[in-house]
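The structure appears right after this line, and notes come after that.
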Amino acid sequence: SLGAGAPVGPEDPSVQIGSNIASWLGQRVRISEDQVRLLVAAGGASAVSSAFSAPIAGVFFALEIILNGTFTTGGFGAIMLASVIASAATQAMGLHLEAVGPLNYVLSSPLEIALYVPLGIGMGVLAAGVIRLIYWQRDLWHDRVRIPPMFKPALAGALIGLVGLALPEILGPGREIMNAVLAGELVFPFAVLLLIGGVKLALTAIALGGGFVGGMFAPSLFIGTMFGAAYGQAMRALMPGLDPQSYAIAGMAGLMA
């Protein structure tokens, strides 16, 4: 899916693989259900840590998503250990990739803090729309697209490929484009940022609904970056001197949260 250019992320398959291996191992050694759950969380954390070179993000992903906030001090230590070792092992094999960034945050004035409030509200509303769109596309492809299942990814891929001819920035996870925008190396006009973010959102939902294998973590970062950068440009038009990249960072974090 990723090699073919589907606008999805590598984290969901990684998390499933890591968690399933951990679950299988826990059942083989016949440990308790609570210990298996902890092992699954450690496997998921290790997957995120390796995929994004982000061991701390892997820990919090496991605590917030897999364990849903139910953890002990000992469990936290075990997950942290697995996540750090996974990241170190990946880097030792020469596969280290800078996940996001470089991130350069500039606050021109304390008054600027107030501008982040509407951005956060907007990202929350957008995130709700993202979730509903993904579930709607999943149901649409499952219930309304009356073709054999093996042809659904082909149809979705054809749609994505046609759009990708005109807007290649939306293809794949988009790590390079996102990092260039965050670093200020690639500056799109306001309308183009909205277009890229909106099209990426729509085609990610189509890809997942059509049967491509991938996750929403990386696309969420990408979409949040584009909309956050657009918001930053709008604010700079009102208050010259602001740094749009700072709002791109906040938009990325807000949509993912």
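Naming scheme: A, B, ... for chains in displayed order of the structure tokens; residues 1 onward per chain; ligands 1 onward as shown.
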Show which residues sit within 10 Å of A:Arg132, as a ChimeraX atom specification. Count only C-alpha atoms, and ignore same-chain residues fewer than 6 positions away. /A:126,138,205
Output file for the selection above: N, CA, C and O atoms, as a PDB file, in the first residue's frame:
```
ATOM      1  N   LEU A 126     -12.381  19.688  12.980  1.00  0.00           N
ATOM      2  CA  LEU A 126     -11.877  18.977  11.803  1.00  0.00           C
ATOM      3  C   LEU A 126     -11.642  17.507  12.112  1.00  0.00           C
ATOM      4  O   LEU A 126     -11.955  16.635  11.291  1.00  0.00           O
ATOM      5  N   ARG A 138     -15.833   3.693   4.910  1.00  0.00           N
ATOM      6  CA  ARG A 138     -15.758   2.257   5.172  1.00  0.00           C
ATOM      7  C   ARG A 138     -17.107   1.598   4.920  1.00  0.00           C
ATOM      8  O   ARG A 138     -17.190   0.556   4.248  1.00  0.00           O
ATOM      9  N   ALA A 205      -9.364   8.641   3.357  1.00  0.00           N
ATOM     10  CA  ALA A 205     -10.602   7.932   3.684  1.00  0.00           C
ATOM     11  C   ALA A 205     -10.970   6.939   2.586  1.00  0.00           C
ATOM     12  O   ALA A 205     -11.401   5.817   2.865  1.00  0.00           O
TER      13      ALA A 205
END
```
Please list as a short mmCIF file (atom, residue, chain, number, x, y, z; two decimals) with C-alpha atoms, in the first residue's frame every residue within 10 Å of stretch 233-239 of chain A, counting only C-alpha atoms and excluding residues in the same chain fewer than 6 positions away.
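That gives us result-v8.cif:
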```
data_model
loop_
_atom_site.label_atom_id
_atom_site.label_comp_id
_atom_site.auth_asym_id
_atom_site.auth_seq_id
_atom_site.Cartn_x
_atom_site.Cartn_y
_atom_site.Cartn_z
CA GLU A 112 -0.09 35.58 20.26
CA LEU A 115 -4.52 32.96 18.53
CA PHE A 188 2.52 26.95 -0.45
CA PRO A 189 -0.07 29.69 -0.99
CA PHE A 190 -3.02 29.74 1.42
CA LEU A 193 -2.47 24.46 1.61
CA PHE A 227 -4.40 23.39 7.79
CA GLN A 245 5.45 27.39 10.86
CA TYR A 247 0.91 27.29 13.71
CA ALA A 248 1.71 24.37 11.42
#
```
Atomic separation - atom CA of A:Gly211 relative to atom CA of A:His142, Å: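 Computed distance, atom CA of A:His142 to atom CA of A:Gly211, equals 9.6 Å.
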Mind the document's chain letters and residue numbers, and return as a PyMOL selection string the residues of stretch 25-224 of chain A that DSSP labels alpha helix (DSSP H). chain A and resi 25-28+33-52+55-61+73-92+116-143+152-166+175-182+190-210+217-224
Exercise: A:Glu169 partners within 12 Å, only C-alpha atoms, chain neighbours under 2 positions left out, as a PyMOL selection string: chain A and resi 5-7+160-161+163-167+171-178+180-181+186+188+192-193+195-200+203+219+222-223+226
Residue selection dump (N, CA and C atoms) as an mmCIF file, in the first residue's frame:
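As written to disk, part-v6.cif reads:
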```cif
data_model
loop_
_atom_site.group_PDB
_atom_site.id
_atom_site.type_symbol
_atom_site.label_atom_id
_atom_site.label_comp_id
_atom_site.auth_asym_id
_atom_site.auth_seq_id
_atom_site.Cartn_x
_atom_site.Cartn_y
_atom_site.Cartn_z
ATOM 1 N N GLY A 5 1.861 4.198 -3.195
ATOM 2 C CA GLY A 5 1.496 5.606 -3.108
ATOM 3 C C GLY A 5 0.193 5.891 -2.405
ATOM 4 N N ALA A 6 -0.397 4.901 -1.744
ATOM 5 C CA ALA A 6 -1.648 5.157 -1.014
ATOM 6 C C ALA A 6 -1.400 6.167 0.101
ATOM 7 N N PRO A 7 -2.294 7.152 0.270
ATOM 8 C CA PRO A 7 -2.085 8.202 1.285
ATOM 9 C C PRO A 7 -2.423 7.731 2.691
ATOM 10 N N ILE A 160 -7.144 7.370 -6.643
ATOM 11 C CA ILE A 160 -6.020 8.058 -5.999
ATOM 12 C C ILE A 160 -4.952 8.415 -7.037
ATOM 13 N N GLY A 161 -4.675 7.493 -7.951
ATOM 14 C CA GLY A 161 -3.663 7.745 -8.966
ATOM 15 C C GLY A 161 -4.031 8.883 -9.894
ATOM 16 N N VAL A 163 -5.974 11.476 -9.224
ATOM 17 C CA VAL A 163 -5.803 12.735 -8.497
ATOM 18 C C VAL A 163 -4.320 13.023 -8.281
ATOM 19 N N GLY A 164 -3.532 11.976 -8.028
ATOM 20 C CA GLY A 164 -2.112 12.139 -7.798
ATOM 21 C C GLY A 164 -1.365 12.684 -9.004
ATOM 22 N N LEU A 165 -1.896 12.478 -10.212
ATOM 23 C CA LEU A 165 -1.268 13.058 -11.400
ATOM 24 C C LEU A 165 -1.256 14.577 -11.327
ATOM 25 N N ALA A 166 -2.341 15.136 -10.792
ATOM 26 C CA ALA A 166 -2.443 16.595 -10.696
ATOM 27 C C ALA A 166 -1.896 17.130 -9.381
ATOM 28 N N LEU A 167 -1.932 16.299 -8.317
ATOM 29 C CA LEU A 167 -1.514 16.765 -6.999
ATOM 30 C C LEU A 167 -0.656 15.677 -6.342
ATOM 31 N N LEU A 171 0.304 11.892 -2.296
ATOM 32 C CA LEU A 171 0.611 10.471 -2.388
ATOM 33 C C LEU A 171 1.532 10.026 -1.251
ATOM 34 N N GLY A 172 1.323 8.813 -0.782
ATOM 35 C CA GLY A 172 2.169 8.248 0.265
ATOM 36 C C GLY A 172 1.936 8.902 1.616
ATOM 37 N N PRO A 173 2.745 8.543 2.618
ATOM 38 C CA PRO A 173 2.585 9.149 3.951
ATOM 39 C C PRO A 173 2.801 10.658 3.960
ATOM 40 N N GLY A 174 3.634 11.173 3.052
ATOM 41 C CA GLY A 174 3.831 12.617 2.955
ATOM 42 C C GLY A 174 4.845 13.189 3.923
ATOM 43 N N ARG A 175 5.729 12.356 4.445
ATOM 44 C CA ARG A 175 6.686 12.814 5.453
ATOM 45 C C ARG A 175 7.584 13.925 4.915
ATOM 46 N N GLU A 176 8.083 13.763 3.678
ATOM 47 C CA GLU A 176 9.026 14.756 3.143
ATOM 48 C C GLU A 176 8.338 16.105 2.931
ATOM 49 N N ILE A 177 7.126 16.088 2.359
ATOM 50 C CA ILE A 177 6.397 17.336 2.126
ATOM 51 C C ILE A 177 6.078 18.017 3.451
ATOM 52 N N MET A 178 5.622 17.239 4.426
ATOM 53 C CA MET A 178 5.266 17.798 5.730
ATOM 54 C C MET A 178 6.481 18.430 6.408
ATOM 55 N N ALA A 180 9.145 19.584 5.000
ATOM 56 C CA ALA A 180 9.565 20.781 4.274
ATOM 57 C C ALA A 180 8.696 21.980 4.643
ATOM 58 N N VAL A 181 7.390 21.740 4.826
ATOM 59 C CA VAL A 181 6.491 22.825 5.240
ATOM 60 C C VAL A 181 6.810 23.263 6.666
ATOM 61 N N LEU A 186 9.418 24.804 2.143
ATOM 62 C CA LEU A 186 8.404 24.716 1.102
ATOM 63 C C LEU A 186 7.221 25.568 1.541
ATOM 64 N N PHE A 188 3.660 26.976 0.463
ATOM 65 C CA PHE A 188 2.524 26.948 -0.454
ATOM 66 C C PHE A 188 1.633 28.163 -0.198
ATOM 67 N N VAL A 192 -3.641 26.733 -1.725
ATOM 68 C CA VAL A 192 -3.024 25.445 -2.046
ATOM 69 C C VAL A 192 -2.883 24.587 -0.790
ATOM 70 N N LEU A 193 -2.549 25.205 0.345
ATOM 71 C CA LEU A 193 -2.474 24.461 1.607
ATOM 72 C C LEU A 193 -3.819 23.822 1.945
ATOM 73 N N LEU A 195 -6.192 23.117 -0.182
ATOM 74 C CA LEU A 195 -6.470 22.102 -1.203
ATOM 75 C C LEU A 195 -5.731 20.810 -0.895
ATOM 76 N N ILE A 196 -4.431 20.916 -0.596
ATOM 77 C CA ILE A 196 -3.641 19.714 -0.308
ATOM 78 C C ILE A 196 -4.181 18.996 0.924
ATOM 79 N N GLY A 197 -4.476 19.764 1.993
ATOM 80 C CA GLY A 197 -4.998 19.143 3.203
ATOM 81 C C GLY A 197 -6.344 18.483 2.983
ATOM 82 N N GLY A 198 -7.246 19.145 2.267
ATOM 83 C CA GLY A 198 -8.574 18.584 2.025
ATOM 84 C C GLY A 198 -8.544 17.359 1.132
ATOM 85 N N VAL A 199 -7.743 17.410 0.072
ATOM 86 C CA VAL A 199 -7.656 16.266 -0.841
ATOM 87 C C VAL A 199 -6.994 15.077 -0.153
ATOM 88 N N LYS A 200 -5.951 15.357 0.629
ATOM 89 C CA LYS A 200 -5.296 14.287 1.385
ATOM 90 C C LYS A 200 -6.299 13.607 2.315
ATOM 91 N N LEU A 203 -8.821 11.456 0.166
ATOM 92 C CA LEU A 203 -8.238 10.268 -0.451
ATOM 93 C C LEU A 203 -7.733 9.265 0.580
ATOM 94 N N PRO A 219 -1.158 10.434 8.172
ATOM 95 C CA PRO A 219 -2.016 11.385 7.460
ATOM 96 C C PRO A 219 -2.576 12.479 8.357
ATOM 97 N N PHE A 222 0.028 15.081 8.687
ATOM 98 C CA PHE A 222 0.149 15.813 7.417
ATOM 99 C C PHE A 222 -0.993 16.812 7.256
ATOM 100 N N ILE A 223 -2.227 16.342 7.456
ATOM 101 C CA ILE A 223 -3.399 17.204 7.278
ATOM 102 C C ILE A 223 -3.374 18.352 8.283
ATOM 103 N N MET A 226 -0.907 21.042 7.188
ATOM 104 C CA MET A 226 -1.363 21.890 6.082
ATOM 105 C C MET A 226 -2.400 22.915 6.549
#
```
For a test of reading the model, state the distance in Å between atom CA of A:Ser14 and atom CA of A:Leu133, rounded to one decimal.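 According to the coordinates, atom CA of A:Ser14 and atom CA of A:Leu133 are separated by 23.3 Å.
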Could you tell me which of A:Ala183, A:Ile17, A:Ala202, A:Ala250 comes closest to A:Ala51 if we count only C-alpha atoms?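 Using only C-alpha atoms, A:Ala51 sits closest to A:Ile17.
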Counting only C-alpha atoms, figure out which residue out of A:Ala47, A:Leu111, A:Leu221, A:Leu194 gets nearest to A:Glu11.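 Using only C-alpha atoms, the shortest distance to A:Glu11 belongs to A:Ala47.
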d(atom CA of A:Ala128, atom CA of A:Thr204) in Å: 15.0 Å
From the options A:Leu208, A:Val106, A:Val59, A:Ala218, which residue's atoms come nearest to A:Ala42, counting only C-alpha atoms?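 Checking each candidate against A:Ala42, we get A:Val59 as the closest.
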